[in-house]
file query_27.cif (mmCIF, C-alpha atoms)
data_entry
#
loop_
_atom_site.label_atom_id
_atom_site.label_comp_id
_atom_site.auth_asym_id
_atom_site.auth_seq_id
_atom_site.Cartn_x
_atom_site.Cartn_y
_atom_site.Cartn_z
CA MET A 1360 0.00 0.00 0.00
CA GLY A 1361 1.20 3.49 -0.82
CA PRO A 1362 1.63 6.26 1.72
CA THR A 1363 -1.52 7.88 3.09
CA VAL A 1364 -2.18 11.28 1.54
CA GLN A 1365 -2.84 13.91 4.18
CA ARG A 1366 -5.42 16.43 3.03
CA THR A 1367 -5.57 19.97 4.34
CA VAL A 1368 -8.63 21.37 6.08
CA TRP A 1369 -9.49 23.41 2.98
CA GLN A 1370 -9.26 20.36 0.73
CA ILE A 1371 -11.59 18.43 3.01
CA GLN A 1372 -14.01 21.38 3.11
CA ARG A 1373 -13.90 21.66 -0.70
CA ASP A 1374 -14.69 17.97 -1.12
CA VAL A 1375 -17.54 18.16 1.39
CA ILE A 1376 -19.14 21.13 -0.38
CA HIS A 1377 -18.69 19.46 -3.78
CA ALA A 1378 -20.34 16.24 -2.57
CA LEU A 1379 -23.23 18.18 -1.06
CA LEU A 1380 -23.68 20.21 -4.25
CA VAL A 1381 -23.91 17.02 -6.31
CA ARG A 1382 -26.41 15.58 -3.83
CA GLU A 1383 -28.51 18.75 -3.87
CA MET A 1384 -28.54 18.83 -7.67
CA LYS A 1385 -29.75 15.23 -7.89
CA THR A 1386 -32.39 15.87 -5.23
CA ARG A 1387 -33.53 19.11 -6.85
CA PHE A 1388 -33.61 18.07 -10.51
CA GLY A 1389 -33.17 14.31 -10.71
CA LYS A 1390 -36.79 13.41 -9.97
CA TRP A 1391 -38.30 15.70 -12.62
CA ARG A 1392 -38.68 14.77 -16.27
CA LEU A 1393 -37.70 18.28 -17.29
CA GLY A 1394 -34.58 17.99 -15.15
CA TYR A 1395 -32.20 20.91 -15.29
CA ALA A 1396 -34.36 22.73 -17.84
CA TRP A 1397 -36.67 23.64 -14.97
CA ALA A 1398 -34.06 26.12 -13.75
CA LEU A 1399 -34.80 28.17 -16.89
CA LEU A 1400 -38.47 27.35 -17.25
CA GLU A 1401 -39.45 28.59 -13.78
CA PRO A 1402 -38.31 32.23 -14.22
CA ALA A 1403 -39.37 32.13 -17.89
CA MET A 1404 -42.94 31.20 -16.94
CA HIS A 1405 -43.08 33.93 -14.31
CA ILE A 1406 -41.89 36.44 -16.88
CA MET A 1407 -44.36 35.36 -19.54
CA VAL A 1408 -47.34 35.44 -17.17
CA LEU A 1409 -46.51 38.89 -15.82
CA ALA A 1410 -45.55 40.24 -19.24
CA THR A 1411 -48.88 39.04 -20.65
CA ILE A 1412 -50.77 40.75 -17.82
CA PHE A 1413 -48.92 44.04 -18.14
CA SER A 1414 -48.98 44.01 -21.95
CA PHE A 1415 -52.57 45.24 -21.75
CA ARG A 1416 -51.17 48.57 -20.60
CA GLY A 1417 -49.88 49.07 -24.12
CA ARG A 1418 -46.52 50.50 -23.08
CA GLU A 1419 -43.25 49.48 -21.43
CA LEU A 1420 -43.05 49.32 -17.65
CA TYR A 1421 -39.90 51.43 -17.74
CA PRO A 1422 -38.88 53.72 -20.61
CA GLY A 1423 -36.13 52.29 -22.77
CA ILE A 1424 -36.23 48.78 -21.27
CA PRO A 1425 -38.40 46.04 -22.85
CA THR A 1426 -40.96 44.63 -20.42
CA LEU A 1427 -39.51 41.10 -20.61
CA LEU A 1428 -36.05 42.34 -19.57
CA PHE A 1429 -37.49 44.55 -16.85
CA MET A 1430 -39.37 41.55 -15.42
CA LEU A 1431 -36.29 39.32 -15.65
CA GLY A 1432 -34.26 41.83 -13.60
CA GLY A 1433 -36.77 41.46 -10.78
CA ILE A 1434 -37.94 37.86 -10.98
CA ALA A 1435 -34.50 36.19 -11.12
CA PRO A 1436 -33.21 37.75 -7.84
CA PHE A 1437 -36.56 37.21 -6.13
CA LEU A 1438 -36.64 33.50 -6.97
CA PHE A 1439 -33.13 33.08 -5.57
CA PHE A 1440 -34.21 34.74 -2.33
CA SER A 1441 -37.47 32.78 -2.19
CA HIS A 1442 -35.80 29.40 -2.69
CA CYS A 1443 -33.15 30.14 -0.06
CA PHE A 1444 -35.84 31.24 2.40
CA THR A 1445 -38.10 28.22 2.04
CA LYS A 1446 -35.47 25.50 1.65
CA SER A 1447 -33.30 26.63 4.57
CA LEU A 1448 -36.01 25.85 7.11
CA ALA A 1449 -35.71 22.11 6.41
CA THR A 1450 -31.95 21.92 5.91
CA VAL A 1451 -31.18 20.04 9.14
CA ALA A 1452 -34.10 17.62 8.80
CA SER A 1453 -33.29 16.73 5.18
CA ASN A 1454 -29.57 16.18 5.90
CA ARG A 1455 -29.82 14.71 9.39
CA GLY A 1456 -28.16 11.39 8.61
CA LEU A 1457 -25.12 13.08 7.09
CA PHE A 1458 -24.14 14.75 10.35
CA ASN A 1459 -22.85 11.41 11.62
CA TYR A 1460 -19.77 12.13 9.53
CA ARG A 1461 -17.26 14.13 11.52
CA GLN A 1462 -16.26 16.32 8.58
CA LEU A 1463 -19.80 17.50 7.84
CA ARG A 1464 -21.68 20.13 9.82
CA PRO A 1465 -25.04 21.92 9.33
CA PHE A 1466 -23.17 24.98 8.02
CA ASP A 1467 -21.90 22.94 5.08
CA ALA A 1468 -25.44 21.86 4.20
CA VAL A 1469 -26.75 25.43 4.38
CA PHE A 1470 -23.82 26.85 2.41
CA SER A 1471 -24.13 24.24 -0.34
CA ARG A 1472 -27.86 24.93 -0.73
CA VAL A 1473 -27.39 28.67 -0.95
CA LEU A 1474 -24.44 28.25 -3.32
CA LEU A 1475 -26.44 25.96 -5.61
CA GLU A 1476 -29.36 28.40 -5.68
CA PHE A 1477 -26.94 31.24 -6.40
CA ILE A 1478 -25.35 29.36 -9.31
CA ILE A 1479 -28.78 28.51 -10.72
CA TYR A 1480 -29.83 32.15 -10.35
CA LEU A 1481 -26.80 33.50 -12.20
CA LEU A 1482 -26.88 30.87 -14.97
CA SER A 1483 -30.61 31.28 -15.56
CA LEU A 1484 -30.25 35.07 -15.63
CA VAL A 1485 -27.43 34.93 -18.20
CA ALA A 1486 -29.13 32.23 -20.27
CA LEU A 1487 -32.44 34.08 -20.46
CA LEU A 1488 -30.68 37.34 -21.33
CA ILE A 1489 -28.98 35.52 -24.22
CA VAL A 1490 -32.22 33.88 -25.37
CA LEU A 1491 -34.11 37.17 -25.28
CA ALA A 1492 -31.28 38.95 -27.12
CA TRP A 1493 -31.38 36.22 -29.79
CA CYS A 1494 -35.12 36.89 -30.12
CA GLY A 1495 -34.42 40.60 -30.58
CA VAL A 1496 -35.33 41.70 -27.05
CA GLN A 1497 -32.31 43.56 -25.71
CA ALA A 1498 -31.11 46.74 -24.05
CA ALA A 1499 -27.73 48.43 -23.62
CA PHE A 1500 -25.74 46.84 -20.79
CA GLY A 1501 -25.16 48.88 -17.65
CA ASN A 1502 -22.46 48.56 -14.98
CA PHE A 1503 -20.80 45.14 -14.65
CA LEU A 1504 -18.83 46.06 -11.51
CA LEU A 1505 -22.01 47.22 -9.74
CA LEU A 1506 -23.70 43.96 -10.74
CA VAL A 1507 -20.86 41.92 -9.23
CA GLU A 1508 -20.84 43.94 -5.99
CA VAL A 1509 -24.60 43.70 -5.54
CA ASN A 1510 -24.65 39.95 -6.10
CA VAL A 1511 -21.78 39.33 -3.69
CA LEU A 1512 -23.69 41.26 -1.03
CA PHE A 1513 -26.91 39.48 -1.99
CA PHE A 1514 -25.22 36.09 -1.56
CA GLY A 1515 -23.93 37.12 1.88
CA PHE A 1516 -27.37 38.35 2.92
CA CYS A 1517 -29.10 35.13 1.82
CA LEU A 1518 -26.44 32.97 3.49
CA GLY A 1519 -26.84 34.81 6.80
CA LEU A 1520 -30.64 34.61 6.58
CA SER A 1521 -30.47 30.91 5.70
CA LEU A 1522 -28.31 30.17 8.75
CA VAL A 1523 -30.87 31.85 10.98
CA LEU A 1524 -33.76 30.02 9.33
CA CYS A 1525 -31.89 26.72 9.59
CA VAL A 1526 -31.79 27.10 13.37
CA VAL A 1527 -35.37 28.40 13.59
CA GLY A 1528 -36.72 25.57 11.44
CA GLU A 1529 -35.09 22.93 13.65
CA ARG A 1530 -35.91 24.46 17.04
CA TYR A 1531 -39.42 25.59 16.15
CA PRO A 1532 -40.81 23.22 13.49
CA GLU A 1533 -44.19 24.97 13.53
CA PHE A 1534 -42.57 28.05 12.01
CA SER A 1535 -41.69 26.00 8.93
CA LYS A 1536 -45.37 26.19 7.97
CA VAL A 1537 -45.86 29.87 8.83
CA LEU A 1538 -42.70 31.65 7.68
CA PRO A 1539 -42.94 30.77 3.93
CA VAL A 1540 -46.22 32.69 3.86
CA LEU A 1541 -44.21 35.87 4.52
CA VAL A 1542 -42.48 35.51 1.15
CA ARG A 1543 -45.72 36.03 -0.79
CA PRO A 1544 -46.30 39.69 0.22
CA LEU A 1545 -42.65 40.43 -0.58
CA TYR A 1546 -43.40 39.50 -4.20
CA PHE A 1547 -45.54 42.64 -4.41
CA MET A 1548 -43.34 44.85 -2.23
CA SER A 1549 -39.88 44.21 -3.70
CA GLY A 1550 -40.10 45.92 -7.09
CA VAL A 1551 -40.49 42.75 -9.14
CA PHE A 1552 -42.86 44.51 -11.55
CA PHE A 1553 -42.36 48.16 -10.68
CA SER A 1554 -39.58 50.68 -10.17
CA LEU A 1555 -39.32 52.64 -6.95
CA ASP A 1556 -39.01 55.78 -9.11
CA GLN A 1557 -42.61 55.21 -10.22
CA ILE A 1558 -44.01 55.03 -6.69
CA PRO A 1559 -45.11 58.30 -4.99
CA LYS A 1560 -42.53 59.41 -2.44
CA GLU A 1561 -44.99 59.34 0.46
CA TYR A 1562 -45.02 55.53 0.18
CA HIS A 1563 -41.22 55.14 0.10
CA PRO A 1564 -40.79 54.88 3.91
CA TYR A 1565 -42.98 51.76 3.81
CA LEU A 1566 -40.87 50.14 1.08
CA ILE A 1567 -37.22 51.14 1.46
CA TRP A 1568 -36.76 49.07 4.63
CA ASN A 1569 -36.89 46.00 2.37
CA PRO A 1570 -33.30 45.04 1.34
CA LEU A 1571 -34.66 42.87 -1.48
CA LEU A 1572 -36.10 46.00 -3.11
CA HIS A 1573 -32.63 47.60 -3.12
CA VAL A 1574 -31.13 44.39 -4.57
CA ILE A 1575 -33.60 44.38 -7.46
CA GLU A 1576 -33.24 48.12 -8.11
CA LEU A 1577 -29.43 47.91 -8.13
CA THR A 1578 -29.48 44.71 -10.22
CA ARG A 1579 -31.50 46.46 -12.90
CA GLN A 1580 -29.17 49.44 -12.68
CA GLY A 1581 -26.22 47.11 -13.25
CA LEU A 1582 -27.93 45.27 -16.10
CA PHE A 1583 -29.38 48.17 -18.08
CA ALA A 1584 -27.65 51.44 -18.97
CA SER A 1585 -30.97 53.28 -19.28
CA TYR A 1586 -32.16 52.27 -15.82
CA HIS A 1587 -31.56 54.83 -13.06
CA GLY A 1588 -32.58 53.57 -9.64
CA MET A 1589 -32.40 56.97 -8.00
CA PHE A 1590 -33.76 55.76 -4.68
CA ALA A 1591 -31.77 52.52 -4.45
CA ASN A 1592 -29.24 52.72 -1.63
CA PHE A 1593 -26.04 50.70 -2.02
CA GLN A 1594 -24.86 51.64 1.48
CA HIS A 1595 -28.12 50.37 2.98
CA LEU A 1596 -27.72 47.06 1.16
CA THR A 1597 -24.09 46.77 2.28
CA PHE A 1598 -24.94 47.41 5.92
CA THR A 1599 -27.92 45.03 5.81
CA ALA A 1600 -26.00 42.23 4.08
CA ILE A 1601 -23.00 42.39 6.44
CA GLY A 1602 -25.29 42.67 9.45
CA MET A 1603 -27.42 39.69 8.41
CA LEU A 1604 -24.36 37.56 7.62
CA GLY A 1605 -22.80 38.41 10.99
CA PHE A 1606 -26.06 37.71 12.82
CA GLY A 1607 -26.51 34.41 10.98
CA LEU A 1608 -23.00 33.26 11.82
CA LEU A 1609 -23.52 34.23 15.47
CA VAL A 1610 -26.83 32.35 15.72
CA TYR A 1611 -25.29 29.31 14.07
CA ARG A 1612 -22.20 29.45 16.30
CA VAL A 1613 -24.36 29.38 19.40
CA SER A 1614 -26.68 26.62 18.17
CA TRP A 1615 -24.74 24.27 15.90
CA ARG A 1616 -23.98 21.67 18.57
CA ASP A 1617 -27.65 21.43 19.48
CA LEU A 1618 -28.52 20.95 15.80
CA VAL A 1619 -26.16 17.97 15.57
CA ARG A 1620 -27.29 16.47 18.89
CA SER A 1621 -30.97 16.77 17.96
CA GLN A 1622 -30.74 13.91 15.46
#
call {"tool": "encode", "arguments": {"input": "query_27.cif", "output": "structure tokens"}}
result
Amino acid sequence: MGPTVQRTVWQIQRDVIHALLVREMKTRFGKWRLGYAWALLEPAMHIMVLATIFSFRGRELYPGIPTLLFMLGGIAPFLFFSHCFTKSLATVASNRGLFNYRQLRPFDAVFSRVLLEFIIYLLSLVALLIVLAWCGVQAAFGNFLLLVEVNVLFFGFCLGLSLVLCVVGERYPEFSKVLPVLVRPLYFMSGVFFSLDQIPKEYHPYLIWNPLLHVIELTRQGLFASYHGMFANFQHLTFTAIGMLGFGLLVYRVSWRDLVRSQ
């Protein structure tokens, strides 16, 4: 027998995340006939339904940006957030048997789920932009650096929130039925099919507390040169994302041993 290869901590962590990603992909797409195509079909169906509804207005939702692209800039980030929110509540329960392995912890399961959703979000966004451009629906590109910064912060925010929800879902199983209901009102309050510029200013205090609204506004600003999210606040998103990530890590740090023992 040859000498035993000693792996570093980072190599072990990489292999754990890779194995969990493969497992999540098979669980998420393997049982459906449409398979991986569903990652594109889900946002595409949302876009087509909303675009059909708003087409009766007879004009674009935002000047200079086709309605399909405007919808895509809101629906793609929202679906990423929605999937992270709902799936994180059951992370411990659905991976309980894996925690018998010393190298694997609940954080790895949460991180792999959020990472997979993030990859699906980015790939579906790029793929649909290409498909729409091929069909003649396109707009001048905006600010790539802003788009990268916003999505890094968005990933951190969703990871922190998912860590909190992982603990909440395990300690208080009844909340797993109640909390997903909160996502539905956010669909109408996060700028999925409107721009904050188009909303009267007296209603802004009731909307700008929502970090998802700032994500969508800044995402559209990064995607489209003609979009000017005058009321989107990058500093607010930065503070919220770092705060949520720090809070999520703190909650997980305090509770992770209980999550493993609860199996």
call {"tool": "atom_distance", "arguments": {"input": "query_27.cif", "atom1": "CA of Ala1486 (chain A)", "atom2": "CA of Ala1396 (chain A)"}}
result
11.1 Å
call {"tool": "atom_distance", "arguments": {"input": "query_27.cif", "atom1": "CA of His1595 (chain A)", "atom2": "CA of Pro1570 (chain A)"}}
result
7.6 Å
call {"tool": "residues_near_point", "arguments": {"input": "query_27.cif", "point": "(-25.7, 41.8, -8.1)", "cutoff": "12 Å", "atoms": "all atoms listed in the file", "output": "MDAnalysis selection string"}}
result
chainID A and resid 1432:1433 1435:1437 1439 1477 1480:1481 1484 1501:1516 1571 1573:1582 1593 1596:1597
call {"tool": "residues_around", "arguments": {"input": "query_27.cif", "residues": "region 1455-1461 of chain A", "least_positions_apart": "6", "cutoff": "12 Å", "atoms": "only C-alpha atoms", "output": "list in words"}}
result
Ile1371, Gln1372, Val1375, Ala1378, Leu1379, Arg1382, Ala1449, Asp1467, Ala1468, Glu1529, Trp1615, Arg1616, Asp1617, Leu1618, Val1619, Arg1620, Ser1621 and Gln1622 of chain A
call {"tool": "closest_residue", "arguments": {"input": "query_27.cif", "among": "A:Leu1448, A:Ile1567, A:Leu1463, A:Ile1478", "to": "Gly1550 (chain A)", "atoms": "all atoms listed in the file"}}
result
A:Ile1567
call {"tool": "decode", "arguments": {"input": "query_27.cif", "residues": "region 1592-1617 of chain A", "atoms": "N, CA and C atoms", "output": "compact mmCIF listing (two decimals), in the first residue's frame"}}
result
# COMPACT_ATOMS: atom_id res chain seq x y z
N ASN A 1592 -30.29 52.31 -2.55
CA ASN A 1592 -29.24 52.72 -1.63
C ASN A 1592 -28.23 51.59 -1.47
N PHE A 1593 -27.07 51.73 -2.10
CA PHE A 1593 -26.04 50.70 -2.02
C PHE A 1593 -25.50 50.57 -0.60
N GLN A 1594 -25.36 51.67 0.11
CA GLN A 1594 -24.86 51.64 1.48
C GLN A 1594 -25.82 50.89 2.40
N HIS A 1595 -27.12 51.10 2.19
CA HIS A 1595 -28.12 50.37 2.98
C HIS A 1595 -28.01 48.87 2.74
N LEU A 1596 -27.86 48.48 1.48
CA LEU A 1596 -27.72 47.06 1.16
C LEU A 1596 -26.45 46.49 1.77
N THR A 1597 -25.35 47.23 1.71
CA THR A 1597 -24.09 46.77 2.28
C THR A 1597 -24.21 46.54 3.78
N PHE A 1598 -24.78 47.52 4.48
CA PHE A 1598 -24.94 47.41 5.92
C PHE A 1598 -25.86 46.24 6.28
N THR A 1599 -26.96 46.10 5.53
CA THR A 1599 -27.92 45.03 5.81
C THR A 1599 -27.32 43.66 5.55
N ALA A 1600 -26.58 43.52 4.44
CA ALA A 1600 -26.00 42.23 4.08
C ALA A 1600 -24.93 41.79 5.10
N ILE A 1601 -24.05 42.72 5.46
CA ILE A 1601 -23.00 42.39 6.44
C ILE A 1601 -23.62 42.10 7.80
N GLY A 1602 -24.62 42.89 8.17
CA GLY A 1602 -25.29 42.67 9.45
C GLY A 1602 -25.99 41.33 9.50
N MET A 1603 -26.70 40.97 8.43
CA MET A 1603 -27.42 39.69 8.41
C MET A 1603 -26.45 38.52 8.40
N LEU A 1604 -25.35 38.63 7.64
CA LEU A 1604 -24.36 37.56 7.62
C LEU A 1604 -23.73 37.39 8.99
N GLY A 1605 -23.37 38.49 9.65
CA GLY A 1605 -22.80 38.41 10.99
C GLY A 1605 -23.77 37.82 11.99
N PHE A 1606 -25.04 38.24 11.91
CA PHE A 1606 -26.06 37.71 12.82
C PHE A 1606 -26.29 36.23 12.57
N GLY A 1607 -26.32 35.82 11.30
CA GLY A 1607 -26.51 34.41 10.98
C GLY A 1607 -25.38 33.54 11.49
N LEU A 1608 -24.14 34.01 11.32
CA LEU A 1608 -23.00 33.26 11.82
C LEU A 1608 -23.01 33.16 13.34
N LEU A 1609 -23.44 34.23 14.01
CA LEU A 1609 -23.52 34.23 15.47
C LEU A 1609 -24.57 33.24 15.96
N VAL A 1610 -25.76 33.27 15.34
CA VAL A 1610 -26.83 32.35 15.72
C VAL A 1610 -26.39 30.91 15.49
N TYR A 1611 -25.74 30.67 14.37
CA TYR A 1611 -25.29 29.31 14.07
C TYR A 1611 -24.21 28.87 15.06
N ARG A 1612 -23.29 29.77 15.38
CA ARG A 1612 -22.20 29.45 16.30
C ARG A 1612 -22.74 29.03 17.66
N VAL A 1613 -23.77 29.69 18.10
CA VAL A 1613 -24.36 29.38 19.40
C VAL A 1613 -25.14 28.06 19.38
N SER A 1614 -25.70 27.71 18.22
CA SER A 1614 -26.68 26.62 18.17
C SER A 1614 -26.21 25.36 17.45
N TRP A 1615 -25.06 25.37 16.79
CA TRP A 1615 -24.74 24.27 15.90
C TRP A 1615 -24.61 22.92 16.62
N ARG A 1616 -24.10 22.93 17.83
CA ARG A 1616 -23.98 21.67 18.57
C ARG A 1616 -25.35 21.06 18.88
N ASP A 1617 -26.30 21.92 19.21
CA ASP A 1617 -27.65 21.43 19.48
C ASP A 1617 -28.28 20.86 18.21
